[in-house]
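For reference, the structure discussed in these notes is given below.
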There are 2 protein chains.
Amino acid sequence: MNWLDEIRWDAQGLVPVIAQEQSSGDVLMFAWMNREALAKTAETGRAVYYSRSRGKLWPKGEESGHVQTVHEIRMDCDNDVVLLKVTQLGHEPGIACHTGRHSCFFQKFEQGAWVSVEPVLKDPATIYK
Amino acid sequence: MNWLDEIRWDAQGLVPVIAQEQSSGDVLMFAWMNREALAKTAETGRAVYYSRSRGKLWPKGEESGHVQTVHEIRMDCDNDVVLLKVTQLGHEPGIACHTGRHSCFFQKFEQGAWVSVEPVLKDPATIYK
């Protein structure tokens, strides 16, 4: 049985993917993959997601240069979620978020409100020209 | 504006949730919440998910005793994914997975196949009586 067939793809043929920074353990982002994206990720060792809004493959960093090297691919107990251990390249420290922040999870719930608690490391206007 | 209204709930009124162990950084599990589940999680400081298969709230650990204390609630840049920093209680080391393993992400992609690489810490038959 092909390893890709063991994944329980959803009705849209997608699987949710969590990208975690290998060195720090930080959860960097959450995205989706289709079968082709996961196959390319495994083949190339670079994260390739599927953009639901654009309806096509999204090689992480294709515009920003902020590519992700993939060290490990994990699957959960229900075979319907993927976890990647990555190194976030292109900036030091790594920028995974399109807002220019290290991680997409920069909004923290504090006393009944969402507060941005992580700095913008690089102006998005200079990332996406 | 209510903080719960800032979340972009999907068509089913749900949001994907990643639970990460605060002490180790390990990604323990992935689940879903509806509005009521997230409100209860914030109010009680214990993780309450929404079970899509059972169609109802799922207070983590209600059967297993493996409850999660929630230290932080984070939201991503698109306001459509939640990340919890938790302590996994009920066993030492913590068991988040229904298979009796520490983390649900115990299957690793190795040379073209999925391999279970994490030990079962407790027999599920003795967890769910």
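Going through the structure tokens in order, the chains are called A, B, and so on, while each chain numbers its residues from 1 and the ligands are numbered from 1 in the order shown.
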Please, which residues of stretch 4-129 of chain B, numbered as in this document, come out strand (DSSP E) from DSSP, as a ChimeraX atom specification?
-> /B:14-21,27-34,48-51,56-59,68-75,82-88,107-110,113-116
Can you list every residue of chain A that has an atom at most 8 Å from chain B, with its nearest atom pair and the distance in Å to one decimal, using only C-alpha atoms, ordered by chain then number, as a Markdown table?
| residue | atom | partner | partner_atom | distance |
| --- | --- | --- | --- | --- |
| A:Asn2 | CA | B:Ala113 | CA | 7.8 |
| A:Trp3 | CA | B:Ala113 | CA | 5.5 |
| A:Gly25 | CA | B:Gly25 | CA | 5.2 |
| A:Asp26 | CA | B:Gly25 | CA | 7.0 |
| A:Met29 | CA | B:Asp76 | CA | 7.7 |
| A:Phe30 | CA | B:Val81 | CA | 7.4 |
| A:Glu72 | CA | B:Phe109 | CA | 7.1 |
| A:Ile73 | CA | B:Phe109 | CA | 5.4 |
| A:Arg74 | CA | B:Lys108 | CA | 4.5 |
| A:Met75 | CA | B:Gln107 | CA | 5.2 |
| A:Asp76 | CA | B:Phe105 | CA | 4.1 |
| A:Cys77 | CA | B:Cys104 | CA | 5.2 |
| A:Val81 | CA | B:Phe30 | CA | 7.4 |
| A:Val82 | CA | B:Phe105 | CA | 7.9 |
| A:Leu83 | CA | B:Phe105 | CA | 7.1 |
| A:Cys97 | CA | B:Cys77 | CA | 7.6 |
| A:Thr99 | CA | B:Cys77 | CA | 7.6 |
| A:Cys104 | CA | B:Asp76 | CA | 4.9 |
| A:Phe105 | CA | B:Asp76 | CA | 4.1 |
| A:Phe106 | CA | B:Asp76 | CA | 6.4 |
| A:Gln107 | CA | B:Met75 | CA | 5.1 |
| A:Lys108 | CA | B:Arg74 | CA | 4.5 |
| A:Phe109 | CA | B:Ile73 | CA | 5.4 |
| A:Gly112 | CA | B:Trp3 | CA | 6.5 |
| A:Ala113 | CA | B:Trp3 | CA | 5.5 |
| A:Trp114 | CA | B:Trp3 | CA | 6.7 |
Go ahead and save the residues from that selection, with C-alpha atoms, as a PDB file, in the first residue's frame.
ATOM      1  CA  ASN A   2       1.292   3.421  -0.934  1.00  0.00           C
ATOM      2  CA  TRP A   3       2.015   5.610   2.119  1.00  0.00           C
ATOM      3  CA  GLY A  25       9.780  23.436  19.112  1.00  0.00           C
ATOM      4  CA  ASP A  26       7.769  26.530  18.155  1.00  0.00           C
ATOM      5  CA  MET A  29       2.077  27.725  11.012  1.00  0.00           C
ATOM      6  CA  PHE A  30      -0.894  25.649  10.010  1.00  0.00           C
ATOM      7  CA  GLU A  72      10.516  14.812   9.715  1.00  0.00           C
ATOM      8  CA  ILE A  73       7.009  14.023   8.546  1.00  0.00           C
ATOM      9  CA  ARG A  74       4.646  12.666  11.180  1.00  0.00           C
ATOM     10  CA  MET A  75       1.033  11.505  11.019  1.00  0.00           C
ATOM     11  CA  ASP A  76      -1.462  11.328  13.878  1.00  0.00           C
ATOM     12  CA  CYS A  77      -3.371   8.365  15.297  1.00  0.00           C
ATOM     13  CA  VAL A  81      -3.360  15.250  10.387  1.00  0.00           C
ATOM     14  CA  VAL A  82       0.291  15.747   9.388  1.00  0.00           C
ATOM     15  CA  LEU A  83       3.038  17.306  11.506  1.00  0.00           C
ATOM     16  CA  CYS A  97       4.274  34.249   8.865  1.00  0.00           C
ATOM     17  CA  THR A  99       2.997  39.364   8.564  1.00  0.00           C
ATOM     18  CA  CYS A 104       1.650  32.758  12.747  1.00  0.00           C
ATOM     19  CA  PHE A 105       0.441  32.226  16.332  1.00  0.00           C
ATOM     20  CA  PHE A 106       1.279  35.701  17.599  1.00  0.00           C
ATOM     21  CA  GLN A 107      -2.129  36.608  19.009  1.00  0.00           C
ATOM     22  CA  LYS A 108      -2.521  35.665  22.656  1.00  0.00           C
ATOM     23  CA  PHE A 109      -5.726  35.596  24.640  1.00  0.00           C
ATOM     24  CA  GLY A 112     -10.848  38.655  27.397  1.00  0.00           C
ATOM     25  CA  ALA A 113      -9.052  39.987  24.314  1.00  0.00           C
ATOM     26  CA  TRP A 114      -6.560  38.948  21.625  1.00  0.00           C
TER      27      TRP A 114
END
List as a JSON list (two decimals) with N, CA, C and O atoms, in the first residue's frame the protein and nucleic acid residues near A:Ser23, meaning an atom at most 9 Å away when only C-alpha atoms are counted, but skip any in the same chain fewer than 6 places from it.
[["chain", "number", "residue", "atom", "x", "y", "z"],
["A", 85, "LYS", "N", 8.43, 18.62, 11.04],
["A", 85, "LYS", "CA", 9.51, 19.25, 11.80],
["A", 85, "LYS", "C", 10.38, 19.94, 10.77],
["A", 85, "LYS", "O", 10.93, 19.27, 9.88],
["A", 86, "VAL", "N", 10.49, 21.27, 10.89],
["A", 86, "VAL", "CA", 11.14, 22.03, 9.83],
["A", 86, "VAL", "C", 12.24, 22.96, 10.36],
["A", 86, "VAL", "O", 12.29, 23.27, 11.54],
["A", 87, "THR", "N", 13.08, 23.40, 9.43],
["A", 87, "THR", "CA", 13.92, 24.57, 9.67],
["A", 87, "THR", "C", 13.43, 25.67, 8.75],
["A", 87, "THR", "O", 13.24, 25.44, 7.55]]
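What separates atom CA of A:Val15 from atom CA of B:Asp10 is a distance of 15.5 Å.
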Here atom CA of B:Glu92 and atom CA of B:Val67 stand apart by 12.4 Å
### Query
Leaving out stretch 34-39 of chain B and any residue of its chain fewer than 5 positions from it, which residues lie within 6 Å of it when counting only C-alpha atoms, given as JSON, numbers by chain?
{"B": [13, 14, 48, 49]}
Output the selection as a PDB file, in the first residue's frame - N, CA, C and O atoms for each residue.
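Listing of again.pdb after writing:
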ATOM      1  N   GLY B  13     -19.110  25.882  11.940  1.00  0.00           N
ATOM      2  CA  GLY B  13     -19.006  26.575  13.225  1.00  0.00           C
ATOM      3  C   GLY B  13     -17.842  26.082  14.073  1.00  0.00           C
ATOM      4  O   GLY B  13     -17.838  26.242  15.294  1.00  0.00           O
ATOM      5  N   LEU B  14     -16.835  25.528  13.408  1.00  0.00           N
ATOM      6  CA  LEU B  14     -15.700  24.948  14.136  1.00  0.00           C
ATOM      7  C   LEU B  14     -14.390  25.654  13.797  1.00  0.00           C
ATOM      8  O   LEU B  14     -14.276  26.326  12.772  1.00  0.00           O
ATOM      9  N   VAL B  48     -11.562  21.863  26.526  1.00  0.00           N
ATOM     10  CA  VAL B  48     -12.833  21.261  26.122  1.00  0.00           C
ATOM     11  C   VAL B  48     -12.896  21.348  24.601  1.00  0.00           C
ATOM     12  O   VAL B  48     -12.874  22.446  24.039  1.00  0.00           O
ATOM     13  N   TYR B  49     -12.936  20.203  23.943  1.00  0.00           N
ATOM     14  CA  TYR B  49     -13.010  20.179  22.489  1.00  0.00           C
ATOM     15  C   TYR B  49     -14.437  19.874  22.045  1.00  0.00           C
ATOM     16  O   TYR B  49     -15.336  19.687  22.868  1.00  0.00           O
TER      17      TYR B  49
END
Students should find that atom CA of A:Lys56 and atom CA of A:Thr126 are spaced 24.3 Å
Which is closer to B:Glu63 than all the others in B:Tyr50, B:Gly90, B:Pro119, B:Thr44, using only C-alpha atoms?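 Once distances to B:Glu63 are computed over only C-alpha atoms, the minimum belongs to B:Gly90.
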Practice prompt. Pick out each residue of chain A that DSSP on the backbone tags as alpha helix (DSSP H); I need them as a ChimeraX atom specification.
Written response: /A:35-44,124-127
Same residues, N, CA and C atoms, saved as a tab-separated table (two decimals), in the first residue's frame:
chain	number	residue	atom	x	y	z
A	35	ARG	N	-2.58	15.59	-2.06
A	35	ARG	CA	-1.70	14.44	-2.28
A	35	ARG	C	-0.40	14.84	-3.00
A	36	GLU	N	-0.54	15.67	-4.01
A	36	GLU	CA	0.62	16.10	-4.78
A	36	GLU	C	1.59	16.92	-3.90
A	37	ALA	N	1.02	17.79	-3.06
A	37	ALA	CA	1.85	18.64	-2.20
A	37	ALA	C	2.67	17.79	-1.23
A	38	LEU	N	2.02	16.80	-0.63
A	38	LEU	CA	2.74	15.95	0.33
A	38	LEU	C	3.78	15.10	-0.37
A	39	ALA	N	3.44	14.60	-1.55
A	39	ALA	CA	4.42	13.81	-2.32
A	39	ALA	C	5.65	14.65	-2.66
A	40	LYS	N	5.41	15.89	-3.08
A	40	LYS	CA	6.54	16.77	-3.42
A	40	LYS	C	7.36	17.14	-2.19
A	41	THR	N	6.68	17.32	-1.07
A	41	THR	CA	7.38	17.64	0.18
A	41	THR	C	8.32	16.51	0.56
A	42	ALA	N	7.82	15.29	0.48
A	42	ALA	CA	8.65	14.13	0.83
A	42	ALA	C	9.80	13.94	-0.16
A	43	GLU	N	9.51	14.21	-1.41
A	43	GLU	CA	10.50	13.99	-2.48
A	43	GLU	C	11.63	15.03	-2.42
A	44	THR	N	11.26	16.29	-2.16
A	44	THR	CA	12.24	17.37	-2.25
A	44	THR	C	12.83	17.77	-0.89
A	124	PRO	N	6.51	43.29	5.89
A	124	PRO	CA	6.00	42.48	4.77
A	124	PRO	C	6.15	43.16	3.41
A	125	ALA	N	6.12	44.48	3.39
A	125	ALA	CA	6.27	45.22	2.12
A	125	ALA	C	7.63	44.96	1.48
A	126	THR	N	8.62	44.63	2.31
A	126	THR	CA	9.95	44.34	1.76
A	126	THR	C	10.14	42.85	1.52
A	127	ILE	N	9.19	42.04	2.05
A	127	ILE	CA	9.25	40.59	1.81
A	127	ILE	C	8.59	40.25	0.47
